[in-house]
Amino acid sequence: MIKFDTAMKIIKNEKTKIKSVRVELLNALGRFLISDIKSPIDSPPFKKAAMDGYAVNSSDNSESYEVLEIIGAGDVPSKIVTKGTCVKIMTGAMMPEGADKIIRVEYVIEKNNRAVPQREETKSNVIGRAENLKTGDIVLSARKLMPKDIGIIASLGMEAVEVSEQPVIGVITTGSELKDPGKKLNPGEIYNSNGLQLCAQIIASGCIPKYYGIVEDNKSKLSGTVSRAFSECDIVLLSGGVSKGDYDFVPDVLKENGLKILFHRVAIKPGKPVLFGRKDNMFAFGLPGNPVSAFVIFEIFVKTLLYQLAGLEYKPVLFHGRLKRDIQRSDTERTEFHPVYAYKEDVIPVKYHGSSHLNAMAMANGLIMIPGGVGKLKAGDYVDVRPV
Ligand code: AMP
Ligand code: MG
């Protein structure tokens with residue numbers, strides 16, 4: 001069994017050639033931007049009004065101003081503002097020549113084509129040309145694209161971006177006791193939750209799932225499916241059959257299909273039996289069948305690999321909060337991920353009987369890490385919460 005940090009290092013060492021593809025902006029959501037985006041324009045491209053009001057010259061303190069014209073957003077001013085004059089202007093419109101300040105509309109009474117300020121305007125209410133961005137400025141660094149990023153790229157006038165090609169991730173669920181949802185259970189059978197759960201995690205990670213269904217605990221059947229998946233996918237995830245039981249064929253079958261095992265068994269809880277390997281440019285994980293283990297291992301290890309293969313480092317956003325109750329454990333060998341419910345400052349450990357207790361995750365919105373060697377986290381301790 002290797003240490004948790006060692007397993008992480010092994011995953012972070014892996015590289016493949018990143019293939020990129022140009023996609024339209026909406027198709028880029030959730031995908032990995034692989035190089036920086038520089039602005040092709042100044043933003044804003046002209047000096048512009050940040051308020052509805054009257055554009056004047058800031059050195060002109062006249063008691064009233066003649067209104068030369070009204071300009072709305074999208075109009076091009078035709079008049080020059082001189083002493084004693086102004087232009088009525090709307091938010092977003094181009095500033096007229098001669099003006100560098102807007103007296104907001106709320107401060108002014110307009111009568112007989114004259115604007116009479118009622119109180120002093122202390123702000124300029126003008127956004128200078130290129131005040132937000134200059135041509136050539138780096139706007140976005142490589143990252144997973146979120147809705148705000150799509151807006152930022154659109155604001156630069158770009159309709160498409162270069163992202164990494166979406167990996168196809170195969171999902172094979174092993175276990176003779178499994179039935180897919182929608183079917184009737186016979187004695188001894190349980191529903192296959194890992195299949196759809198892993199596919200959902202894959203989709204949420206911006207990748208393409210390819211579901212191979214349930215394979216019973218039969219070596220030659222498993223080998224057939226593994227061999228097909230190896231030729232069709234960039235990454236293959238198997239659930240179940242990775243431990244030491246009589247019917248746990250996954251490690252042997254993976255080896256027989258040419259996978260080089262990079263680790264098998266890690267000091268992590270849940271998910272100790274986890275296996276990771278590589279064959280040429282294809283990677284495979286053997287995930288433990290217990291549903292919380294499969295879920296957690298995807299969050300911790302598989303996501304790390306997905307970012308790594310896109311040339312990025314996976315840095316989940318962590319929230320900081322105070323543990324509401326003690327968490328105590330006797331076996332401190334493993335790095336443990338414990339489900340919690342975090343709200344405002346409070347981090348409440350979820351009641352949880354272990355890695356088969358999937359419905360406990362319904363109460364959780366995060367995971368906290370208990371490092372190896374640590375036996376107790378005390379109520380009041382500050383902990384980092386990784387949202388799930
Ligand atoms: P295994 O890792 O195959 O020894 O399975 C460990 C436990 O997880 C057993 O109780 C299995 O019945 C259960 N299990 C295995 N695969 C799945 C799955 N796809 N969905 C839900 N539970 C599973
Ligand atoms: Mg099994």
# chains A, B, ... in the order shown; residues from 1 in each chain; ligands from 1
$ closest_atom_pairs --of "chain A" --to "ligand 2" --cutoff "10 Å" --atoms "only C-alpha atoms and all ligand atoms" --output "JSON lines"
{"residue": "A:Thr173", "atom": "CA", "partner": "ligand 2", "partner_atom_place_in_ligand_line": "1 (Mg)", "distance": 8.9}
{"residue": "A:Thr174", "atom": "CA", "partner": "ligand 2", "partner_atom_place_in_ligand_line": "1 (Mg)", "distance": 6.1}
{"residue": "A:Gly175", "atom": "CA", "partner": "ligand 2", "partner_atom_place_in_ligand_line": "1 (Mg)", "distance": 4.4}
{"residue": "A:Ser176", "atom": "CA", "partner": "ligand 2", "partner_atom_place_in_ligand_line": "1 (Mg)", "distance": 7.2}
{"residue": "A:Glu177", "atom": "CA", "partner": "ligand 2", "partner_atom_place_in_ligand_line": "1 (Mg)", "distance": 7.7}
{"residue": "A:Leu178", "atom": "CA", "partner": "ligand 2", "partner_atom_place_in_ligand_line": "1 (Mg)", "distance": 8.9}
{"residue": "A:Glu216", "atom": "CA", "partner": "ligand 2", "partner_atom_place_in_ligand_line": "1 (Mg)", "distance": 8.6}
{"residue": "A:Asp217", "atom": "CA", "partner": "ligand 2", "partner_atom_place_in_ligand_line": "1 (Mg)", "distance": 7.0}
{"residue": "A:Ser239", "atom": "CA", "partner": "ligand 2", "partner_atom_place_in_ligand_line": "1 (Mg)", "distance": 8.1}
{"residue": "A:Gly240", "atom": "CA", "partner": "ligand 2", "partner_atom_place_in_ligand_line": "1 (Mg)", "distance": 4.6}
{"residue": "A:Gly241", "atom": "CA", "partner": "ligand 2", "partner_atom_place_in_ligand_line": "1 (Mg)", "distance": 4.3}
{"residue": "A:Val242", "atom": "CA", "partner": "ligand 2", "partner_atom_place_in_ligand_line": "1 (Mg)", "distance": 7.7}
{"residue": "A:Ser243", "atom": "CA", "partner": "ligand 2", "partner_atom_place_in_ligand_line": "1 (Mg)", "distance": 8.3}
{"residue": "A:Gly245", "atom": "CA", "partner": "ligand 2", "partner_atom_place_in_ligand_line": "1 (Mg)", "distance": 8.1}
{"residue": "A:Asp246", "atom": "CA", "partner": "ligand 2", "partner_atom_place_in_ligand_line": "1 (Mg)", "distance": 9.6}
{"residue": "A:Tyr247", "atom": "CA", "partner": "ligand 2", "partner_atom_place_in_ligand_line": "1 (Mg)", "distance": 7.0}
{"residue": "A:Asp248", "atom": "CA", "partner": "ligand 2", "partner_atom_place_in_ligand_line": "1 (Mg)", "distance": 6.3}
{"residue": "A:Phe249", "atom": "CA", "partner": "ligand 2", "partner_atom_place_in_ligand_line": "1 (Mg)", "distance": 9.0}
{"residue": "A:Val250", "atom": "CA", "partner": "ligand 2", "partner_atom_place_in_ligand_line": "1 (Mg)", "distance": 9.4}
{"residue": "A:Pro288", "atom": "CA", "partner": "ligand 2", "partner_atom_place_in_ligand_line": "1 (Mg)", "distance": 8.3}
{"residue": "A:Gly289", "atom": "CA", "partner": "ligand 2", "partner_atom_place_in_ligand_line": "1 (Mg)", "distance": 6.2}
{"residue": "A:Asn290", "atom": "CA", "partner": "ligand 2", "partner_atom_place_in_ligand_line": "1 (Mg)", "distance": 8.9}
$ residues_around --residues "Glu97 (chain A)" --least-positions-apart "3" --cutoff "12 Å" --atoms "only C-alpha atoms" --output "NGL selection string"
:A and (46-48 or 55-57 or 76-82 or 85-87 or 94 or 100-101)
$ closest_residue --among "A:Tyr307, A:Tyr314, A:Phe319, A:Phe230" --to "Phe32 (chain A)" --atoms "only C-alpha atoms"
A:Tyr307
$ atom_distance --atom1 "CA of Lys219 (chain A)" --atom2 "CA of Phe285 (chain A)"
17.4 Å
$ residues_around --residues "region 352-358 of chain A" --least-positions-apart "4" --cutoff "8 Å" --atoms "only C-alpha atoms" --output "JSON, numbers by chain"
{"A": [270, 290, 291, 292, 293, 339, 362]}
$ write_last_selection --atoms "all heavy atoms" --output "PDB file, in the first residue's frame"
ATOM      1  N   PRO A 270     -12.505   6.602   1.969  1.00  0.00           N
ATOM      2  CA  PRO A 270     -12.699   5.257   1.440  1.00  0.00           C
ATOM      3  C   PRO A 270     -11.894   5.056   0.158  1.00  0.00           C
ATOM      4  O   PRO A 270     -11.414   6.022  -0.413  1.00  0.00           O
ATOM      5  CB  PRO A 270     -14.202   5.250   1.141  1.00  0.00           C
ATOM      6  CG  PRO A 270     -14.526   6.665   0.788  1.00  0.00           C
ATOM      7  CD  PRO A 270     -13.615   7.508   1.651  1.00  0.00           C
ATOM      8  N   ASN A 290     -17.783  -0.275  -3.615  1.00  0.00           N
ATOM      9  CA  ASN A 290     -18.620   0.459  -2.676  1.00  0.00           C
ATOM     10  C   ASN A 290     -18.860   1.863  -3.211  1.00  0.00           C
ATOM     11  O   ASN A 290     -17.918   2.569  -3.583  1.00  0.00           O
ATOM     12  CB  ASN A 290     -17.956   0.508  -1.294  1.00  0.00           C
ATOM     13  CG  ASN A 290     -18.417  -0.657  -0.432  1.00  0.00           C
ATOM     14  OD1 ASN A 290     -19.609  -0.965  -0.400  1.00  0.00           O
ATOM     15  ND2 ASN A 290     -17.486  -1.307   0.229  1.00  0.00           N
ATOM     16  N   PRO A 291     -20.141   2.243  -3.270  1.00  0.00           N
ATOM     17  CA  PRO A 291     -20.489   3.452  -4.022  1.00  0.00           C
ATOM     18  C   PRO A 291     -19.827   4.741  -3.512  1.00  0.00           C
ATOM     19  O   PRO A 291     -19.449   5.576  -4.329  1.00  0.00           O
ATOM     20  CB  PRO A 291     -22.008   3.544  -3.873  1.00  0.00           C
ATOM     21  CG  PRO A 291     -22.451   2.172  -3.546  1.00  0.00           C
ATOM     22  CD  PRO A 291     -21.330   1.510  -2.823  1.00  0.00           C
ATOM     23  N   VAL A 292     -19.682   4.902  -2.197  1.00  0.00           N
ATOM     24  CA  VAL A 292     -19.048   6.143  -1.721  1.00  0.00           C
ATOM     25  C   VAL A 292     -17.570   6.143  -2.115  1.00  0.00           C
ATOM     26  O   VAL A 292     -17.007   7.176  -2.472  1.00  0.00           O
ATOM     27  CB  VAL A 292     -19.220   6.340  -0.193  1.00  0.00           C
ATOM     28  CG1 VAL A 292     -18.590   7.656   0.249  1.00  0.00           C
ATOM     29  CG2 VAL A 292     -20.691   6.302   0.199  1.00  0.00           C
ATOM     30  N   SER A 293     -16.957   4.965  -2.096  1.00  0.00           N
ATOM     31  CA  SER A 293     -15.552   4.863  -2.507  1.00  0.00           C
ATOM     32  C   SER A 293     -15.400   5.273  -3.966  1.00  0.00           C
ATOM     33  O   SER A 293     -14.515   6.063  -4.318  1.00  0.00           O
ATOM     34  CB  SER A 293     -15.031   3.436  -2.373  1.00  0.00           C
ATOM     35  OG  SER A 293     -15.310   2.919  -1.109  1.00  0.00           O
ATOM     36  N   PRO A 339     -17.654  12.944   4.620  1.00  0.00           N
ATOM     37  CA  PRO A 339     -18.718  13.838   4.135  1.00  0.00           C
ATOM     38  C   PRO A 339     -19.203  14.798   5.217  1.00  0.00           C
ATOM     39  O   PRO A 339     -19.330  14.406   6.384  1.00  0.00           O
ATOM     40  CB  PRO A 339     -19.835  12.873   3.709  1.00  0.00           C
ATOM     41  CG  PRO A 339     -19.544  11.581   4.365  1.00  0.00           C
ATOM     42  CD  PRO A 339     -18.087  11.535   4.698  1.00  0.00           C
ATOM     43  N   ALA A 362     -26.571  12.250   0.599  1.00  0.00           N
ATOM     44  CA  ALA A 362     -27.673  13.185   0.333  1.00  0.00           C
ATOM     45  C   ALA A 362     -27.605  14.366   1.303  1.00  0.00           C
ATOM     46  O   ALA A 362     -28.026  15.480   0.971  1.00  0.00           O
ATOM     47  CB  ALA A 362     -29.015  12.467   0.461  1.00  0.00           C
TER      48      ALA A 362
END
$ residues_around --residues "region 119-121 of chain A" --least-positions-apart "3" --cutoff "10 Å" --atoms "only C-alpha atoms" --output "tab-separated table (two decimals) with N, CA and C atoms, in the first residue's frame"
chain	number	residue	atom	x	y	z
A	58	SER	N	-15.57	69.18	-17.12
A	58	SER	CA	-15.47	69.27	-15.66
A	58	SER	C	-14.97	70.63	-15.18
A	61	ASN	N	-18.17	75.31	-14.57
A	61	ASN	CA	-19.08	75.29	-13.43
A	61	ASN	C	-20.26	76.22	-13.64
A	101	LYS	N	-17.23	64.57	-18.16
A	101	LYS	CA	-17.93	64.31	-16.89
A	101	LYS	C	-19.42	64.25	-17.17
A	102	ILE	N	-20.09	63.42	-16.38
A	102	ILE	CA	-21.55	63.36	-16.51
A	102	ILE	C	-22.17	63.73	-15.17
A	103	ILE	N	-23.05	64.75	-15.23
A	103	ILE	CA	-23.83	65.06	-14.03
A	103	ILE	C	-25.06	64.16	-14.10
A	104	ARG	N	-25.20	63.28	-13.10
A	104	ARG	CA	-26.26	62.27	-13.21
A	104	ARG	C	-27.64	62.92	-13.28
A	106	GLU	N	-30.41	62.41	-11.94
A	106	GLU	CA	-31.13	62.66	-10.67
A	106	GLU	C	-30.77	64.02	-10.06
A	107	TYR	N	-29.61	64.60	-10.43
A	107	TYR	CA	-29.14	65.85	-9.83
A	107	TYR	C	-29.57	67.08	-10.64
A	108	VAL	N	-30.30	66.87	-11.74
A	108	VAL	CA	-30.53	67.95	-12.70
A	108	VAL	C	-32.02	68.15	-12.96
A	116	VAL	N	-30.24	72.37	-15.41
A	116	VAL	CA	-29.85	73.15	-14.22
A	116	VAL	C	-29.50	72.17	-13.09
A	124	SER	N	-16.86	61.37	-11.92
A	124	SER	CA	-16.82	61.67	-13.36
A	124	SER	C	-17.89	60.87	-14.12
A	125	ASN	N	-18.20	59.67	-13.64
A	125	ASN	CA	-19.22	58.83	-14.29
A	125	ASN	C	-18.91	58.51	-15.75
$ residues_around --residues "Ile235 (chain A)" --least-positions-apart "6" --cutoff "7 Å" --atoms "only C-alpha atoms" --output "PyMOL selection string"
chain A and resi 168-170+282-284
